[in-house]
file model_19.cif (mmCIF, C-alpha atoms)
data_model
#
loop_
_atom_site.label_atom_id
_atom_site.label_comp_id
_atom_site.auth_asym_id
_atom_site.auth_seq_id
_atom_site.Cartn_x
_atom_site.Cartn_y
_atom_site.Cartn_z
CA MET A 1 -25.79 -23.44 4.29
CA VAL A 2 -24.09 -21.24 6.90
CA SER A 3 -24.33 -22.42 10.48
CA ARG A 4 -25.50 -20.25 13.33
CA GLU A 5 -21.98 -20.34 14.82
CA GLN A 6 -20.43 -19.10 11.56
CA LYS A 7 -22.94 -16.23 11.39
CA ARG A 8 -22.17 -15.28 14.98
CA ALA A 9 -18.44 -15.38 14.29
CA SER A 10 -18.90 -13.26 11.16
CA VAL A 11 -20.97 -10.66 13.05
CA LEU A 12 -18.41 -10.58 15.86
CA HIS A 13 -15.58 -10.13 13.33
CA ASP A 14 -17.46 -7.26 11.63
CA LYS A 15 -18.10 -5.53 14.96
CA LEU A 16 -14.44 -5.88 15.98
CA GLN A 17 -13.35 -4.37 12.66
CA LEU A 18 -15.76 -1.48 13.21
CA LEU A 19 -14.37 -0.98 16.71
CA ARG A 20 -10.84 -1.13 15.27
CA SER A 21 -11.62 1.60 12.73
CA ILE A 22 -13.40 3.87 15.24
CA THR A 23 -10.51 3.71 17.69
CA LYS A 24 -7.91 4.00 14.90
CA SER A 25 -6.29 0.81 16.14
CA HIS A 26 -3.67 -0.94 14.03
CA ALA A 27 -3.97 -4.14 16.04
CA LEU A 28 -4.81 -7.40 14.31
CA SER A 29 -5.75 -9.71 17.16
CA GLU A 30 -9.15 -9.48 18.83
CA SER A 31 -7.72 -8.97 22.29
CA SER A 32 -5.40 -6.17 21.11
CA ILE A 33 -8.31 -4.40 19.41
CA ILE A 34 -10.27 -4.54 22.68
CA VAL A 35 -7.26 -3.27 24.67
CA ASP A 36 -6.84 -0.37 22.21
CA ALA A 37 -10.56 0.41 22.48
CA SER A 38 -10.28 0.45 26.27
CA LYS A 39 -7.36 2.90 26.07
CA TYR A 40 -9.33 5.05 23.63
CA ILE A 41 -12.30 5.16 26.01
CA GLN A 42 -9.99 6.18 28.87
CA GLU A 43 -8.55 8.99 26.73
CA LEU A 44 -12.06 10.22 25.95
CA LYS A 45 -12.99 10.10 29.64
CA HIS A 46 -9.93 12.21 30.50
CA LYS A 47 -10.83 14.74 27.80
CA VAL A 48 -14.39 14.99 29.13
CA GLU A 49 -13.12 15.43 32.69
CA ARG A 50 -10.66 18.12 31.58
CA LEU A 51 -13.35 19.98 29.61
CA ASN A 52 -15.79 19.79 32.52
CA GLN A 53 -13.09 21.05 34.87
CA ASP A 54 -12.26 23.92 32.48
CA ILE A 55 -15.92 24.91 32.33
CA THR A 56 -16.42 24.85 36.10
CA THR A 57 -13.16 26.65 36.96
CA THR A 58 -13.43 29.39 34.34
CA THR A 59 -14.35 32.75 35.70
CA PRO A 60 -15.82 35.16 33.18
CA GLN A 61 -13.59 38.00 32.07
CA THR A 62 -15.05 41.49 32.17
CA ASN A 63 -14.80 44.04 29.44
CA SER A 64 -13.36 47.36 30.67
CA ASN A 65 -16.07 49.29 28.77
CA ASN A 66 -18.92 47.22 30.23
CA ASN A 67 -18.35 45.38 33.51
CA THR A 68 -21.49 43.26 33.09
CA SER A 69 -20.47 41.55 29.85
CA SER A 70 -18.51 38.32 30.03
CA TRP A 71 -16.34 37.17 27.17
CA PRO A 72 -16.66 33.63 25.90
CA GLN A 73 -13.95 31.17 26.86
CA ILE A 74 -11.89 29.87 23.91
CA GLU A 75 -9.92 26.65 23.86
CA VAL A 76 -8.19 25.26 20.78
CA GLU A 77 -6.59 21.83 20.80
CA THR A 78 -4.29 20.67 18.01
CA LEU A 79 -5.14 17.22 16.70
CA GLU A 80 -3.26 15.00 14.26
CA LYS A 81 -4.98 16.51 11.23
CA GLY A 82 -6.81 19.62 12.35
CA PHE A 83 -8.22 21.26 15.46
CA LEU A 84 -10.82 20.91 18.18
CA VAL A 85 -12.28 24.35 18.89
CA ASN A 86 -14.33 24.92 22.06
CA VAL A 87 -16.08 28.21 22.77
CA TYR A 88 -18.25 28.69 25.87
CA SER A 89 -20.18 31.64 27.26
CA GLU A 90 -22.49 31.76 30.26
CA ARG A 91 -24.97 33.78 28.22
CA SER A 92 -26.67 33.38 24.87
CA CYS A 93 -24.77 34.99 21.99
CA PRO A 94 -27.04 35.45 18.95
CA GLY A 95 -25.01 35.72 15.74
CA LEU A 96 -21.72 34.58 17.26
CA LEU A 97 -21.85 31.14 15.64
CA VAL A 98 -21.86 32.64 12.14
CA SER A 99 -18.89 34.90 12.99
CA ILE A 100 -16.81 32.00 14.32
CA LEU A 101 -17.64 29.66 11.43
CA GLN A 102 -16.73 32.41 8.95
CA VAL A 103 -13.33 32.97 10.54
CA LEU A 104 -12.61 29.21 10.54
CA GLU A 105 -13.48 29.09 6.85
CA ASP A 106 -11.27 32.14 6.18
CA LEU A 107 -8.36 30.27 7.82
CA GLY A 108 -8.87 27.35 5.44
CA LEU A 109 -10.27 25.02 8.09
CA ASN A 110 -13.11 22.74 7.09
CA VAL A 111 -15.57 22.15 9.93
CA LEU A 112 -16.10 18.40 9.76
CA GLU A 113 -18.29 18.08 12.85
CA ALA A 114 -19.83 20.61 15.22
CA ARG A 115 -22.01 20.58 18.32
CA VAL A 116 -23.73 23.83 19.18
CA SER A 117 -26.04 24.98 21.96
CA CYS A 118 -27.38 28.53 21.85
CA THR A 119 -30.37 28.43 24.21
CA ASP A 120 -29.48 30.02 27.57
CA THR A 121 -25.72 29.73 27.15
CA PHE A 122 -23.48 29.56 24.09
CA ARG A 123 -21.43 26.44 23.55
CA LEU A 124 -19.60 25.45 20.37
CA GLN A 125 -17.46 22.39 19.93
CA ALA A 126 -16.15 22.12 16.38
CA PHE A 127 -13.72 19.67 14.85
CA GLY A 128 -11.94 21.23 11.89
CA GLY A 129 -9.59 19.72 9.36
CA GLU A 130 -6.93 21.69 7.53
CA ASP A 131 -6.60 21.96 3.78
CA GLU A 132 -3.57 19.94 2.72
CA GLU A 133 -1.54 23.03 1.74
CA THR A 134 -2.49 24.92 4.93
CA MET A 135 -0.35 24.64 8.07
CA ILE A 136 -1.86 26.62 10.96
CA ASN A 137 -0.98 26.39 14.65
CA ALA A 138 -3.45 26.48 17.54
CA GLN A 139 -2.42 30.00 18.57
CA VAL A 140 -3.41 31.40 15.16
CA VAL A 141 -6.82 29.71 15.41
CA THR A 142 -7.31 30.99 18.98
CA GLU A 143 -6.43 34.56 17.97
CA ALA A 144 -8.73 34.41 14.93
CA VAL A 145 -11.66 33.13 17.03
CA PHE A 146 -10.96 35.82 19.64
CA GLU A 147 -10.96 38.47 16.89
CA ALA A 148 -14.30 37.10 15.60
CA ILE A 149 -15.76 37.37 19.11
CA LYS A 150 -14.39 40.91 19.49
CA ASN A 151 -15.87 41.98 16.11
CA TRP A 152 -19.19 40.31 16.97
CA SER A 153 -19.26 42.12 20.33
CA GLU A 154 -18.49 45.50 18.76
CA SER A 155 -21.12 45.06 16.05
CA LYS A 156 -23.66 44.04 18.70
CA GLU A 157 -22.89 47.15 20.77
CA GLN A 158 -23.27 49.40 17.70
CA GLY A 159 -26.55 47.73 16.66
#
call {"tool": "encode", "arguments": {"input": "model_19.cif", "output": "structure tokens"}}
result
Amino acid sequence: MVSREQKRASVLHDKLQLLRSITKSHALSESSIIVDASKYIQELKHKVERLNQDITTTTPQTNSNNNTSSWPQIEVETLEKGFLVNVYSERSCPGLLVSILQVLEDLGLNVLEARVSCTDTFRLQAFGGEDEETMINAQVVTEAVFEAIKNWSESKEQG
């Protein structure tokens, strides 16, 4: 029969291994896993602060044909195996999500996770992984997303 202390130790071990895998830690000792998790949390906090700062300091660009339209902000961050794509607009953009996802697929990027808000504003945060034979830099992804936004805008103006 397993004692209560052994069960608690087993549960604690399982939780530490889960924490180790989430934070991509290679540490073996409990204290090192916790230190790595703390560093990981700090990195995430800095990313959130930077994204919030980018959102608040971005001024909308105006289109020379229509001074009232603002273009969505695009930010692409290269990760170890893929990209983090952020697109933000101060207005709702019906149909834009489909255009952006199509261009990411055309580039050979698999969207592994995405967060989207299309109510009053448009916000897309997508994590994409590359196919193994595909090597694409962040500038190519940024230009492709910009082209998708431009095509979406032109088709919207024609429709």
call {"tool": "closest_residue", "arguments": {"input": "model_19.cif", "among": "A:Thr78, A:Thr142, A:Gln6, A:Thr121", "to": "Leu104 of chain A", "atoms": "all atoms listed in the file"}}
result
A:Thr142
call {"tool": "atom_distance", "arguments": {"input": "model_19.cif", "atom1": "atom CA of Asn110 of chain A", "atom2": "atom CA of Asn52 of chain A"}}
result
25.7 Å
call {"tool": "residues_near_point", "arguments": {"input": "model_19.cif", "point": "(-6.5, 15.5, 16.0)", "cutoff": "12 Å", "atoms": "all atoms listed in the file", "output": "PyMOL selection string"}}
result
chain A and resi 24+76-85+112+126-130+138
call {"tool": "residues_near_point", "arguments": {"input": "model_19.cif", "point": "(-20.7, 36.4, 18.0)", "cutoff": "8 Å", "atoms": "all atoms listed in the file", "output": "PyMOL selection string"}}
result
chain A and resi 93-100+148-153
call {"tool": "residues_around", "arguments": {"input": "model_19.cif", "residues": "segment 13-22 of chain A", "least_positions_apart": "3", "cutoff": "6 Å", "atoms": "only C-alpha atoms", "output": "ChimeraX atom specification"}}
result
/A:10,25,33
